[in-house]
file input_14.cif (mmCIF, C-alpha atoms)
data_protein
#
loop_
_atom_site.label_atom_id
_atom_site.label_comp_id
_atom_site.auth_asym_id
_atom_site.auth_seq_id
_atom_site.Cartn_x
_atom_site.Cartn_y
_atom_site.Cartn_z
CA MET A 1 30.69 -0.09 1.69
CA GLU A 2 29.55 -3.43 0.22
CA LEU A 3 29.57 -5.01 3.66
CA ILE A 4 27.49 -2.30 5.28
CA ILE A 5 24.88 -2.32 2.51
CA SER A 6 24.74 -6.10 2.55
CA ARG A 7 24.25 -6.04 6.32
CA ILE A 8 21.47 -3.46 6.12
CA LEU A 9 19.61 -5.54 3.55
CA ARG A 10 20.11 -8.75 5.47
CA SER A 11 18.95 -7.34 8.81
CA GLY A 12 15.89 -5.73 7.22
CA VAL A 13 14.96 -8.96 5.49
CA VAL A 14 15.54 -11.16 8.53
CA ALA A 15 13.65 -8.81 10.84
CA SER A 16 10.64 -8.70 8.53
CA ALA A 17 10.72 -12.47 8.02
CA ILE A 18 10.65 -13.03 11.79
CA ILE A 19 7.78 -10.59 12.30
CA ILE A 20 5.75 -12.00 9.39
CA SER A 21 6.24 -15.62 10.43
CA SER A 22 5.29 -14.94 14.03
CA GLY A 23 2.15 -13.19 12.78
CA LEU A 24 1.31 -16.13 10.54
CA ILE A 25 1.91 -18.70 13.25
CA TRP A 26 -0.18 -16.69 15.68
CA PHE A 27 -2.97 -16.51 13.11
CA LEU A 28 -2.81 -20.25 12.44
CA VAL A 29 -2.79 -21.18 16.11
CA ARG A 30 -5.75 -18.93 16.84
CA HIS A 31 -7.62 -20.08 13.77
CA LEU A 32 -7.08 -23.77 14.41
CA SER A 33 -8.08 -23.53 18.05
CA ALA A 34 -11.12 -21.34 17.33
CA SER A 35 -12.68 -23.32 14.52
CA SER A 36 -12.43 -26.98 15.41
CA GLY A 37 -13.90 -28.24 12.20
CA ASP A 38 -15.45 -26.95 9.02
CA ASP A 39 -16.71 -23.38 9.18
CA GLY A 40 -13.32 -21.68 9.51
CA PRO A 41 -12.84 -18.51 7.50
CA ASP A 42 -10.65 -19.43 4.55
CA LEU A 43 -8.05 -17.13 3.08
CA VAL A 44 -9.52 -16.86 -0.38
CA ALA A 45 -12.91 -15.78 0.90
CA LEU A 46 -11.27 -13.32 3.27
CA ALA A 47 -9.18 -11.83 0.52
CA GLY A 48 -12.18 -9.92 -0.78
CA ALA A 49 -12.75 -8.08 2.46
CA HIS A 50 -9.50 -6.47 3.50
CA ASP A 51 -8.93 -4.36 6.59
CA GLY A 52 -8.82 -6.54 9.61
CA ALA A 53 -9.81 -9.60 7.64
CA MET A 54 -7.48 -11.70 9.70
CA ASP A 55 -8.37 -10.47 13.14
CA GLY A 56 -12.01 -11.52 12.88
CA ALA A 57 -14.17 -9.84 15.46
CA SER A 58 -11.42 -8.55 17.70
CA GLN A 59 -10.56 -4.89 17.36
CA SER A 60 -7.56 -5.11 19.67
CA LEU A 61 -4.43 -3.07 19.09
CA ILE A 62 -2.32 -6.06 18.20
CA CYS A 63 -3.61 -8.87 16.03
CA PRO A 64 -1.97 -11.31 13.61
CA GLY A 65 -2.99 -9.27 10.56
CA LYS A 66 -1.47 -6.08 11.92
CA LEU A 67 1.69 -7.89 12.97
CA ILE A 68 2.12 -9.23 9.43
CA THR A 69 1.52 -5.75 8.01
CA LEU A 70 4.21 -4.43 10.34
CA GLY A 71 6.58 -7.05 8.96
CA ILE A 72 5.71 -5.98 5.42
CA ILE A 73 6.36 -2.33 6.31
CA VAL A 74 9.78 -3.30 7.66
CA LEU A 75 10.44 -5.05 4.36
CA LEU A 76 9.33 -1.99 2.34
CA CYS A 77 11.62 0.27 4.35
CA THR A 78 14.68 -1.88 3.70
CA PRO A 79 15.57 -0.57 0.19
CA ALA A 80 14.84 3.00 1.29
CA ILE A 81 17.21 2.67 4.25
CA ARG A 82 19.80 1.23 1.88
CA VAL A 83 19.57 4.33 -0.35
CA PHE A 84 19.85 6.69 2.64
CA ALA A 85 22.86 4.77 3.92
CA SER A 86 24.60 4.90 0.54
CA ALA A 87 24.00 8.67 0.32
CA TYR A 88 25.72 9.03 3.69
CA MET A 89 28.61 6.78 2.67
CA PHE A 90 29.20 8.57 -0.64
CA MET A 91 29.31 11.89 1.23
CA LYS A 92 31.74 10.47 3.75
CA GLN A 93 33.99 9.30 0.92
CA LYS A 94 33.68 12.79 -0.59
CA ASP A 95 32.38 11.18 -3.76
CA TRP A 96 30.21 14.17 -4.56
CA ALA A 97 28.96 13.07 -7.98
CA PHE A 98 27.51 9.90 -6.50
CA ALA A 99 26.27 11.64 -3.36
CA VAL A 100 24.25 14.03 -5.54
CA MET A 101 22.92 11.11 -7.62
CA THR A 102 21.80 9.24 -4.52
CA ILE A 103 20.07 12.29 -3.09
CA TRP A 104 18.37 12.78 -6.45
CA VAL A 105 17.04 9.22 -6.21
CA ILE A 106 15.72 9.88 -2.69
CA LEU A 107 14.02 13.11 -3.78
CA SER A 108 12.38 11.42 -6.78
CA MET A 109 11.11 8.61 -4.55
CA ILE A 110 9.57 11.11 -2.14
CA ALA A 111 8.14 13.21 -4.97
CA GLY A 112 6.63 10.12 -6.61
CA LEU A 113 5.03 9.12 -3.33
CA VAL A 114 3.60 12.60 -2.72
CA ALA A 115 2.39 12.94 -6.33
CA SER A 116 0.58 9.61 -6.25
CA LEU A 117 -1.07 10.03 -2.87
CA LEU A 118 -2.29 13.59 -3.36
CA MET B 1 -7.43 -27.72 5.96
CA GLU B 2 -8.23 -25.64 2.93
CA LEU B 3 -6.64 -22.71 4.67
CA LEU B 4 -3.41 -24.59 5.21
CA LEU B 5 -3.41 -25.72 1.59
CA THR B 6 -3.86 -22.16 0.37
CA LEU B 7 -1.00 -21.00 2.59
CA VAL B 8 1.28 -23.76 1.35
CA GLY B 9 0.25 -22.90 -2.22
CA TYR B 10 1.18 -19.24 -1.69
CA LEU B 11 4.53 -20.28 -0.23
CA PHE B 12 5.26 -22.64 -3.09
CA VAL B 13 4.39 -20.16 -5.86
CA SER B 14 6.30 -17.36 -4.23
CA PHE B 15 9.34 -19.56 -3.61
CA ALA B 16 9.48 -20.22 -7.36
CA ALA B 17 9.03 -16.51 -8.06
CA GLY B 18 11.84 -15.59 -5.68
CA LEU B 19 14.16 -18.20 -7.14
CA PHE B 20 13.68 -17.12 -10.76
CA GLY B 21 13.48 -13.45 -9.93
CA SER B 22 16.78 -13.45 -8.07
CA LEU B 23 18.57 -15.49 -10.74
CA LEU B 24 17.39 -13.41 -13.67
CA GLY B 25 17.28 -9.96 -12.11
CA LEU B 26 13.56 -9.73 -12.70
CA GLY B 27 11.02 -9.03 -10.01
CA GLY B 28 9.10 -12.25 -10.10
CA GLY B 29 5.81 -10.41 -10.58
CA LEU B 30 5.74 -12.28 -13.85
CA ILE B 31 5.02 -15.47 -11.90
CA VAL B 32 3.14 -14.13 -8.90
CA VAL B 33 0.44 -12.07 -10.63
CA PRO B 34 -0.88 -14.79 -12.97
CA ALA B 35 -0.53 -17.47 -10.29
CA LEU B 36 -2.50 -15.50 -7.71
CA THR B 37 -5.23 -14.35 -10.08
CA LEU B 38 -5.67 -17.51 -12.14
CA GLY B 39 -4.63 -20.12 -9.59
CA PHE B 40 -6.07 -18.64 -6.41
CA GLY B 41 -8.86 -16.46 -7.77
CA LEU B 42 -7.53 -13.29 -6.20
CA GLU B 43 -8.58 -9.86 -7.44
CA ILE B 44 -6.00 -8.31 -9.74
CA ARG B 45 -5.24 -5.30 -7.52
CA TYR B 46 -4.48 -7.54 -4.54
CA ALA B 47 -2.29 -9.69 -6.78
CA ILE B 48 -0.37 -6.63 -7.94
CA GLY B 49 -0.07 -5.46 -4.32
CA ALA B 50 1.41 -8.83 -3.39
CA SER B 51 3.72 -8.72 -6.40
CA MET B 52 5.04 -5.32 -5.25
CA VAL B 53 5.97 -6.93 -1.95
CA CYS B 54 7.43 -9.81 -3.95
CA LEU B 55 9.63 -7.40 -5.94
CA ILE B 56 11.08 -5.84 -2.82
CA ALA B 57 11.57 -9.17 -1.11
CA THR B 58 13.38 -10.64 -4.13
CA SER B 59 15.52 -7.57 -4.49
CA SER B 60 16.50 -7.23 -0.84
CA GLY B 61 16.83 -10.93 -0.13
CA ALA B 62 19.12 -11.71 -3.03
CA ALA B 63 20.95 -8.38 -3.03
CA ALA B 64 22.20 -8.97 0.50
CA ALA B 65 24.19 -11.91 -0.88
CA TYR B 66 25.04 -10.41 -4.29
CA VAL B 67 26.42 -7.22 -2.79
CA ARG B 68 28.51 -9.13 -0.28
CA ASP B 69 29.89 -11.42 -3.00
CA ARG B 70 30.55 -8.37 -5.19
CA LEU B 71 28.39 -9.52 -8.06
CA THR B 72 26.43 -6.29 -7.87
CA ASN B 73 28.05 -3.23 -9.42
CA ILE B 74 26.89 -0.63 -6.88
CA ARG B 75 28.22 2.33 -8.84
CA VAL B 76 26.45 1.27 -12.02
CA ALA B 77 23.30 0.65 -9.95
CA MET B 78 23.35 4.09 -8.31
CA PHE B 79 24.06 5.81 -11.63
CA LEU B 80 21.21 4.01 -13.39
CA GLU B 81 18.83 4.44 -10.46
CA THR B 82 18.82 8.18 -11.11
CA GLY B 83 17.36 7.29 -14.51
CA THR B 84 14.73 4.83 -13.25
CA ALA B 85 13.69 7.08 -10.36
CA THR B 86 13.29 10.07 -12.69
CA GLY B 87 11.40 7.94 -15.18
CA ALA B 88 9.11 6.50 -12.50
CA LEU B 89 8.28 10.01 -11.36
CA VAL B 90 7.51 11.09 -14.93
CA GLY B 91 5.43 7.93 -15.37
CA ALA B 92 3.45 8.55 -12.20
CA LEU B 93 2.75 12.14 -13.25
CA ALA B 94 1.95 11.20 -16.85
CA ALA B 95 -0.47 8.42 -15.93
CA GLY B 96 -3.77 9.30 -17.52
CA PHE B 97 -2.22 11.32 -20.32
CA VAL B 98 -0.57 8.45 -22.15
CA GLU B 99 -2.28 5.50 -23.72
CA ALA B 100 -0.89 2.37 -22.12
CA ARG B 101 -1.24 0.24 -25.25
CA TRP B 102 1.40 2.22 -27.14
CA LEU B 103 3.80 1.70 -24.29
CA TYR B 104 3.09 -2.02 -24.29
CA LEU B 105 3.73 -2.13 -28.02
CA LEU B 106 6.90 -0.08 -27.71
CA PHE B 107 8.38 -2.13 -24.87
CA GLY B 108 7.19 -5.40 -26.33
CA SER B 109 9.04 -4.73 -29.58
CA PHE B 110 12.10 -3.46 -27.72
CA LEU B 111 12.22 -6.68 -25.71
CA ALA B 112 11.67 -8.88 -28.74
CA VAL B 113 14.61 -7.24 -30.51
CA SER B 114 16.90 -7.25 -27.50
CA SER B 115 16.17 -10.87 -26.61
CA VAL B 116 17.40 -11.97 -30.01
CA MET B 117 20.42 -9.71 -29.75
CA MET B 118 21.25 -11.04 -26.31
CA LEU B 119 21.28 -14.57 -27.59
CA LYS B 120 23.34 -13.75 -30.67
CA LYS B 121 25.93 -11.38 -29.31
CA ARG B 122 28.23 -13.50 -27.28
CA SER B 123 31.53 -13.37 -29.06
CA ASP B 124 32.31 -9.69 -28.67
CA ARG B 125 32.44 -9.72 -24.86
CA SER B 126 35.37 -7.78 -23.41
CA ASN B 127 36.35 -6.60 -26.86
CA PRO B 128 39.59 -4.67 -26.38
CA ASP B 129 39.07 -2.66 -29.56
CA LEU B 130 36.02 -0.87 -28.20
CA PRO B 131 36.85 2.77 -27.40
CA ASP B 132 36.51 3.74 -23.73
CA ASP B 133 33.31 5.47 -22.73
CA PRO B 134 34.37 8.82 -21.22
CA LEU B 135 31.32 9.05 -18.91
CA ALA B 136 31.80 5.52 -17.61
CA VAL B 137 35.48 6.23 -16.99
CA ARG B 138 34.76 9.52 -15.26
CA LEU B 139 32.21 7.89 -12.96
CA ASP B 140 34.56 4.96 -12.36
CA LEU B 141 31.91 2.40 -13.28
CA ALA B 142 34.25 -0.46 -14.15
CA GLY B 143 34.01 -3.50 -11.91
CA SER B 144 35.17 -7.05 -11.47
CA LEU B 145 33.27 -10.28 -11.31
CA PRO B 146 34.13 -13.15 -8.96
CA MET B 147 34.55 -16.41 -10.86
CA PRO B 148 33.60 -19.89 -9.60
CA ASP B 149 37.29 -20.75 -9.16
CA GLY B 150 37.73 -17.94 -6.63
CA LYS B 151 39.52 -15.49 -8.94
CA THR B 152 38.03 -12.23 -10.12
CA ARG B 153 37.72 -11.05 -13.68
CA PRO B 154 37.78 -7.28 -14.23
CA TYR B 155 35.44 -5.77 -16.81
CA LYS B 156 34.99 -2.34 -18.36
CA VAL B 157 31.70 -0.55 -18.72
CA TYR B 158 30.53 1.17 -21.91
CA GLY B 159 27.48 2.98 -23.22
CA ALA B 160 26.61 4.79 -19.98
CA LYS B 161 24.51 7.47 -21.70
CA PRO B 162 22.26 5.27 -23.88
CA ALA B 163 21.79 2.84 -21.00
CA TRP B 164 20.73 5.72 -18.76
CA LEU B 165 18.13 6.77 -21.33
CA ILE B 166 16.77 3.22 -21.46
CA MET B 167 16.53 3.31 -17.65
CA VAL B 168 14.41 6.46 -17.85
CA ALA B 169 12.12 4.56 -20.22
CA ALA B 170 12.12 1.55 -17.88
CA GLY B 171 11.22 3.88 -15.00
CA VAL B 172 8.36 5.39 -16.99
CA ALA B 173 7.12 1.86 -17.68
CA SER B 174 7.19 1.00 -13.97
CA GLY B 175 5.42 4.22 -13.07
CA LEU B 176 2.75 3.89 -15.73
CA LEU B 177 2.24 0.17 -16.11
CA GLY B 178 3.15 -0.98 -12.61
CA ILE B 179 5.67 -3.50 -13.88
CA GLY B 180 9.06 -4.14 -12.36
CA SER B 181 10.79 -3.65 -15.72
CA GLY B 182 13.78 -5.79 -14.83
CA ALA B 183 13.24 -7.28 -18.27
CA LEU B 184 14.24 -3.89 -19.70
CA LYS B 185 17.13 -3.31 -17.32
CA VAL B 186 19.06 -6.50 -17.89
CA PRO B 187 19.27 -6.23 -21.72
CA ALA B 188 20.31 -2.56 -21.44
CA MET B 189 23.18 -3.44 -19.12
CA ASP B 190 24.09 -6.47 -21.16
CA LEU B 191 23.93 -5.01 -24.66
CA LEU B 192 24.83 -1.36 -24.12
CA MET B 193 27.05 -1.36 -21.05
CA LYS B 194 28.60 -4.76 -21.83
CA LEU B 195 28.36 -5.96 -18.26
CA PRO B 196 28.83 -9.71 -17.73
CA ILE B 197 25.40 -11.38 -17.58
CA LYS B 198 25.69 -12.24 -13.89
CA ALA B 199 26.63 -8.66 -13.02
CA SER B 200 23.68 -7.38 -15.11
CA SER B 201 21.26 -9.68 -13.36
CA ALA B 202 22.61 -8.94 -9.85
CA THR B 203 22.69 -5.19 -10.50
CA SER B 204 19.17 -5.15 -11.96
CA ASN B 205 18.03 -7.13 -8.95
CA PHE B 206 19.58 -4.53 -6.64
CA MET B 207 17.88 -1.64 -8.46
CA ILE B 208 14.41 -3.15 -8.66
CA GLY B 209 13.81 -2.73 -4.93
CA VAL B 210 14.21 1.03 -5.10
CA THR B 211 11.81 1.51 -8.00
CA ALA B 212 9.26 -0.76 -6.36
CA THR B 213 9.38 0.87 -2.93
CA THR B 214 7.42 3.95 -3.97
CA GLY B 215 4.85 1.83 -5.77
CA ALA B 216 4.52 -0.57 -2.86
CA ALA B 217 4.02 2.26 -0.39
CA ILE B 218 1.19 3.59 -2.56
CA TYR B 219 -0.45 0.16 -2.75
CA LEU B 220 -0.11 -0.27 1.01
CA ALA B 221 -1.71 3.11 1.64
CA ARG B 222 -4.61 2.16 -0.65
CA GLY B 223 -5.14 -1.08 1.30
CA ASP B 224 -4.26 -3.28 -1.66
CA ILE B 225 -1.60 -5.21 0.23
CA LEU B 226 -3.45 -7.93 2.14
CA PRO B 227 -1.50 -9.32 5.08
CA GLN B 228 -2.90 -12.84 4.62
CA VAL B 229 -1.65 -12.89 1.03
CA ALA B 230 1.43 -10.68 1.07
CA GLY B 231 2.73 -12.19 4.32
CA PRO B 232 3.13 -15.76 3.07
CA VAL B 233 4.23 -14.44 -0.35
CA ALA B 234 6.99 -12.38 1.27
CA LEU B 235 8.23 -15.39 3.25
CA GLY B 236 8.20 -17.68 0.23
CA VAL B 237 9.94 -15.13 -1.97
CA LEU B 238 12.62 -14.47 0.63
CA ALA B 239 13.38 -18.18 0.90
CA GLY B 240 13.41 -18.47 -2.90
CA SER B 241 15.68 -15.49 -3.35
CA PHE B 242 18.17 -16.80 -0.78
CA ALA B 243 18.26 -20.09 -2.67
CA GLY B 244 18.62 -18.26 -5.99
CA ALA B 245 21.47 -16.13 -4.67
CA ARG B 246 23.32 -19.30 -3.68
CA LEU B 247 22.79 -20.77 -7.13
CA LEU B 248 23.89 -17.77 -9.19
CA THR B 249 27.59 -18.01 -8.32
CA HIS B 250 27.63 -21.67 -9.32
CA ILE B 251 25.71 -21.73 -12.57
CA LYS B 252 27.13 -20.91 -15.99
CA GLY B 253 26.56 -17.51 -17.52
CA SER B 254 25.69 -19.06 -20.88
CA TRP B 255 22.92 -21.13 -19.31
CA LEU B 256 21.53 -18.05 -17.60
CA ARG B 257 21.54 -16.28 -20.94
CA VAL B 258 19.38 -18.96 -22.57
CA VAL B 259 16.85 -18.98 -19.72
CA PHE B 260 16.75 -15.23 -19.89
CA PHE B 261 16.09 -15.36 -23.63
CA VAL B 262 13.06 -17.63 -23.10
CA VAL B 263 11.64 -15.51 -20.29
CA ILE B 264 12.12 -12.25 -22.18
CA CYS B 265 10.40 -13.69 -25.24
CA LEU B 266 7.42 -14.56 -23.05
CA VAL B 267 7.31 -11.07 -21.56
CA ALA B 268 7.62 -9.51 -25.01
CA ALA B 269 4.77 -11.65 -26.34
CA GLN B 270 2.61 -10.77 -23.34
CA MET B 271 3.27 -7.04 -23.78
CA LEU B 272 2.63 -7.10 -27.52
CA MET B 273 -0.65 -8.92 -26.92
CA LYS B 274 -1.72 -6.29 -24.40
CA GLY B 275 -0.81 -3.59 -26.89
CA ILE B 276 -2.74 -5.16 -29.74
CA GLN B 277 -5.88 -5.95 -27.75
#
call {"tool": "encode", "arguments": {"input": "input_14.cif", "output": "structure tokens"}}
result
Amino acid sequence: MELIISRILRSGVVASAIIISSGLIWFLVRHLSASSGDDGPDLVALAGAHDGAMDGASQSLICPGKLITLGIIVLLCTPAIRVFASAYMFMKQKDWAFAVMTIWVILSMIAGLVASLL
Amino acid sequence: MELLLTLVGYLFVSFAAGLFGSLLGLGGGLIVVPALTLGFGLEIRYAIGASMVCLIATSSGAAAAYVRDRLTNIRVAMFLETGTATGALVGALAAGFVEARWLYLLFGSFLAVSSVMMLKKRSDRSNPDLPDDPLAVRLDLAGSLPMPDGKTRPYKVYGAKPAWLIMVAAGVASGLLGIGSGALKVPAMDLLMKLPIKASSATSNFMIGVTATTGAAIYLARGDILPQVAGPVALGVLAGSFAGARLLTHIKGSWLRVVFFVVICLVAAQMLMKGIQ
């Protein structure tokens, strides 16, 4: 059980790190080649205007900003997947007390999400 | 050039946050939020959004190693997560009905008291005279801690019920105040459940990710997680938490305890100030 959970966490983390770094590198390459000098958009100034701040004028489907967000989403899903996996493993071990606890955690997470977004 | 400097700055700050967060079982929001707002002039909501990402990155990055090395007590974590998840839900629903300053005062004083107790109480570890906790025995919460010399040291778990209640309170704090509340989790496991300090820190670290996921999803949906900030922060924190996870098995528990005391005092002071203002 420890090994499986550890592997889930590690793969989630590594996958998100790869996606985020490729997004960042892409952004840097594009930025450095586009603004050969002073007037480049700097991160602090951009921070005020979110939503596509990093993709500049382009409205294309894929851009560095969206790629990084995808990496962040992968990262956010990692603990959730870990909880789902442990629920499954507790059920498989017929450890009902812990299976119920894990499902309770999942339900509270979903309820919290729904309550806050409504 | 300025852009590169900012990026390197983000990476540096978040590396430190990941390192300390993973060692102490705290989220690291403690470092990231002030650094981003004061040091980089970021709006507070974007800083909190980034710190949510930081929490999850610290938790997942370090937990991968802690779980594998069996520092994390998964059963204790799952049991206590029911408390934090319930509390977080109550906190999210109660937001707007409760005055935050009372909570800050309450948690600030709780932390101040427990930090002193954590530093004092060191002699009664693994006290054989303590009666078994029936709930902890029934849930089979006992664990064992790997020692630096390669052996493992078994430990019993006590005080499951009071610790669970503290976790509900910690969950309410996360839901209401948007804090990671690892500072509440570690003392509860240390003082009430009598877990070894490294197990407390690793287990708290493991749990933090779950509590933060709901919050982070909400911040993401609101657009408060900026890719250009949260991206580098996530990378830096991950690197820091991997480094921290490597360190934890090698450093002394007593040293960790002292660092924890200092950090908790700072958090307590910060909370009390917020409550008084």
call {"tool": "resolve_selection", "arguments": {"input": "input_14.cif", "expression": "the PyMOL selection byres ((chain B and resi 43-48) around 7)", "output": "list in words"}}
result
Val33, Leu36, Thr37, Gly41, Leu42, Gly49, Ala50, Ser51, Met52, Asp224, Ile225 and Leu226 of chain B
call {"tool": "resolve_selection", "arguments": {"input": "input_14.cif", "expression": "the PyMOL selection byres ((chain A) within 7 of (chain B))", "output": "PyMOL selection string"}}
result
chain A and resi 2-3+6-7+9-10+13+17+20+42-43+50+54+65+68-69+72+75-76+79-80+101-102+104-105+108-109+112-113+115-117
call {"tool": "atom_distance", "arguments": {"input": "input_14.cif", "atom1": "atom CA of A:Cys77", "atom2": "atom CA of A:Val114"}}
result
16.3 Å
call {"tool": "atom_distance", "arguments": {"input": "input_14.cif", "atom1": "atom CA of B:Ala160", "atom2": "atom CA of B:Ala136"}}
result
5.8 Å
call {"tool": "residues_around", "arguments": {"input": "input_14.cif", "residues": "A:Val100", "least_positions_apart": "2", "cutoff": "12 Å", "atoms": "all atoms listed in the file", "output": "list in words"}}
result
Val83, Phe84, Ser86, Ala87, Tyr88, Met89, Phe90, Met91, Lys94, Asp95, Trp96, Ala97, Phe98, Thr102, Ile103, Trp104, Val105, Ile106 and Leu107 of chain A; Met78, Phe79 and Thr82 of chain B
call {"tool": "write_last_selection", "arguments": {"input": "input_14.cif", "atoms": "C-alpha atoms", "output": "CSV table (one decimal), keeping the file's coordinate frame"}}
result
chain,number,residue,atom,x,y,z
A,83,VAL,CA,19.6,4.3,-0.4
A,84,PHE,CA,19.8,6.7,2.6
A,86,SER,CA,24.6,4.9,0.5
A,87,ALA,CA,24.0,8.7,0.3
A,88,TYR,CA,25.7,9.0,3.7
A,89,MET,CA,28.6,6.8,2.7
A,90,PHE,CA,29.2,8.6,-0.6
A,91,MET,CA,29.3,11.9,1.2
A,94,LYS,CA,33.7,12.8,-0.6
A,95,ASP,CA,32.4,11.2,-3.8
A,96,TRP,CA,30.2,14.2,-4.6
A,97,ALA,CA,29.0,13.1,-8.0
A,98,PHE,CA,27.5,9.9,-6.5
A,102,THR,CA,21.8,9.2,-4.5
A,103,ILE,CA,20.1,12.3,-3.1
A,104,TRP,CA,18.4,12.8,-6.4
A,105,VAL,CA,17.0,9.2,-6.2
A,106,ILE,CA,15.7,9.9,-2.7
A,107,LEU,CA,14.0,13.1,-3.8
B,78,MET,CA,23.4,4.1,-8.3
B,79,PHE,CA,24.1,5.8,-11.6
B,82,THR,CA,18.8,8.2,-11.1
call {"tool": "decode", "arguments": {"input": "input_14.cif", "residues": "stretch 173-219 of chain B", "atoms": "C-alpha atoms", "output": "PDB file, in the first residue's frame"}}
result
ATOM      1  CA  ALA B 173      -9.396  27.090  10.614  1.00  0.00           C
ATOM      2  CA  SER B 174      -8.323  26.058   7.108  1.00  0.00           C
ATOM      3  CA  GLY B 175     -11.841  26.489   5.778  1.00  0.00           C
ATOM      4  CA  LEU B 176     -12.401  29.858   7.411  1.00  0.00           C
ATOM      5  CA  LEU B 177      -8.986  31.460   7.479  1.00  0.00           C
ATOM      6  CA  GLY B 178      -7.418  29.823   4.442  1.00  0.00           C
ATOM      7  CA  ILE B 179      -4.404  28.643   6.388  1.00  0.00           C
ATOM      8  CA  GLY B 180      -2.782  25.248   6.046  1.00  0.00           C
ATOM      9  CA  SER B 181      -2.993  24.643   9.799  1.00  0.00           C
ATOM     10  CA  GLY B 182      -0.073  22.227   9.870  1.00  0.00           C
ATOM     11  CA  ALA B 183       0.996  24.241  12.890  1.00  0.00           C
ATOM     12  CA  LEU B 184      -2.080  22.868  14.680  1.00  0.00           C
ATOM     13  CA  LYS B 185      -1.719  19.320  13.396  1.00  0.00           C
ATOM     14  CA  VAL B 186       1.838  18.630  14.472  1.00  0.00           C
ATOM     15  CA  PRO B 187       1.396  19.607  18.161  1.00  0.00           C
ATOM     16  CA  ALA B 188      -1.832  17.577  18.355  1.00  0.00           C
ATOM     17  CA  MET B 189      -0.079  14.458  17.079  1.00  0.00           C
ATOM     18  CA  ASP B 190       2.953  15.130  19.205  1.00  0.00           C
ATOM     19  CA  LEU B 191       1.295  16.006  22.503  1.00  0.00           C
ATOM     20  CA  LEU B 192      -1.943  14.015  22.411  1.00  0.00           C
ATOM     21  CA  MET B 193      -1.159  11.013  20.237  1.00  0.00           C
ATOM     22  CA  LYS B 194       2.477  10.791  21.378  1.00  0.00           C
ATOM     23  CA  LEU B 195       3.789  10.178  17.888  1.00  0.00           C
ATOM     24  CA  PRO B 196       7.557  10.615  17.426  1.00  0.00           C
ATOM     25  CA  ILE B 197       8.248  14.127  16.106  1.00  0.00           C
ATOM     26  CA  LYS B 198       9.374  12.903  12.693  1.00  0.00           C
ATOM     27  CA  ALA B 199       6.238  10.789  12.294  1.00  0.00           C
ATOM     28  CA  SER B 200       4.094  13.788  13.333  1.00  0.00           C
ATOM     29  CA  SER B 201       5.765  16.039  10.815  1.00  0.00           C
ATOM     30  CA  ALA B 202       5.623  13.484   7.969  1.00  0.00           C
ATOM     31  CA  THR B 203       1.999  12.595   8.730  1.00  0.00           C
ATOM     32  CA  SER B 204       0.932  16.242   8.954  1.00  0.00           C
ATOM     33  CA  ASN B 205       2.712  16.844   5.676  1.00  0.00           C
ATOM     34  CA  PHE B 206       0.768  13.981   4.086  1.00  0.00           C
ATOM     35  CA  MET B 207      -2.577  15.314   5.338  1.00  0.00           C
ATOM     36  CA  ILE B 208      -2.072  18.941   4.335  1.00  0.00           C
ATOM     37  CA  GLY B 209      -2.405  18.155   0.634  1.00  0.00           C
ATOM     38  CA  VAL B 210      -5.920  16.820   1.040  1.00  0.00           C
ATOM     39  CA  THR B 211      -7.205  19.806   3.005  1.00  0.00           C
ATOM     40  CA  ALA B 212      -5.607  22.204   0.549  1.00  0.00           C
ATOM     41  CA  THR B 213      -6.935  20.535  -2.602  1.00  0.00           C
ATOM     42  CA  THR B 214     -10.484  21.805  -2.161  1.00  0.00           C
ATOM     43  CA  GLY B 215      -9.241  25.293  -1.375  1.00  0.00           C
ATOM     44  CA  ALA B 216      -6.844  25.313  -4.307  1.00  0.00           C
ATOM     45  CA  ALA B 217      -9.552  24.189  -6.714  1.00  0.00           C
ATOM     46  CA  ILE B 218     -11.721  27.089  -5.548  1.00  0.00           C
ATOM     47  CA  TYR B 219      -8.875  29.581  -6.013  1.00  0.00           C
TER      48      TYR B 219
END
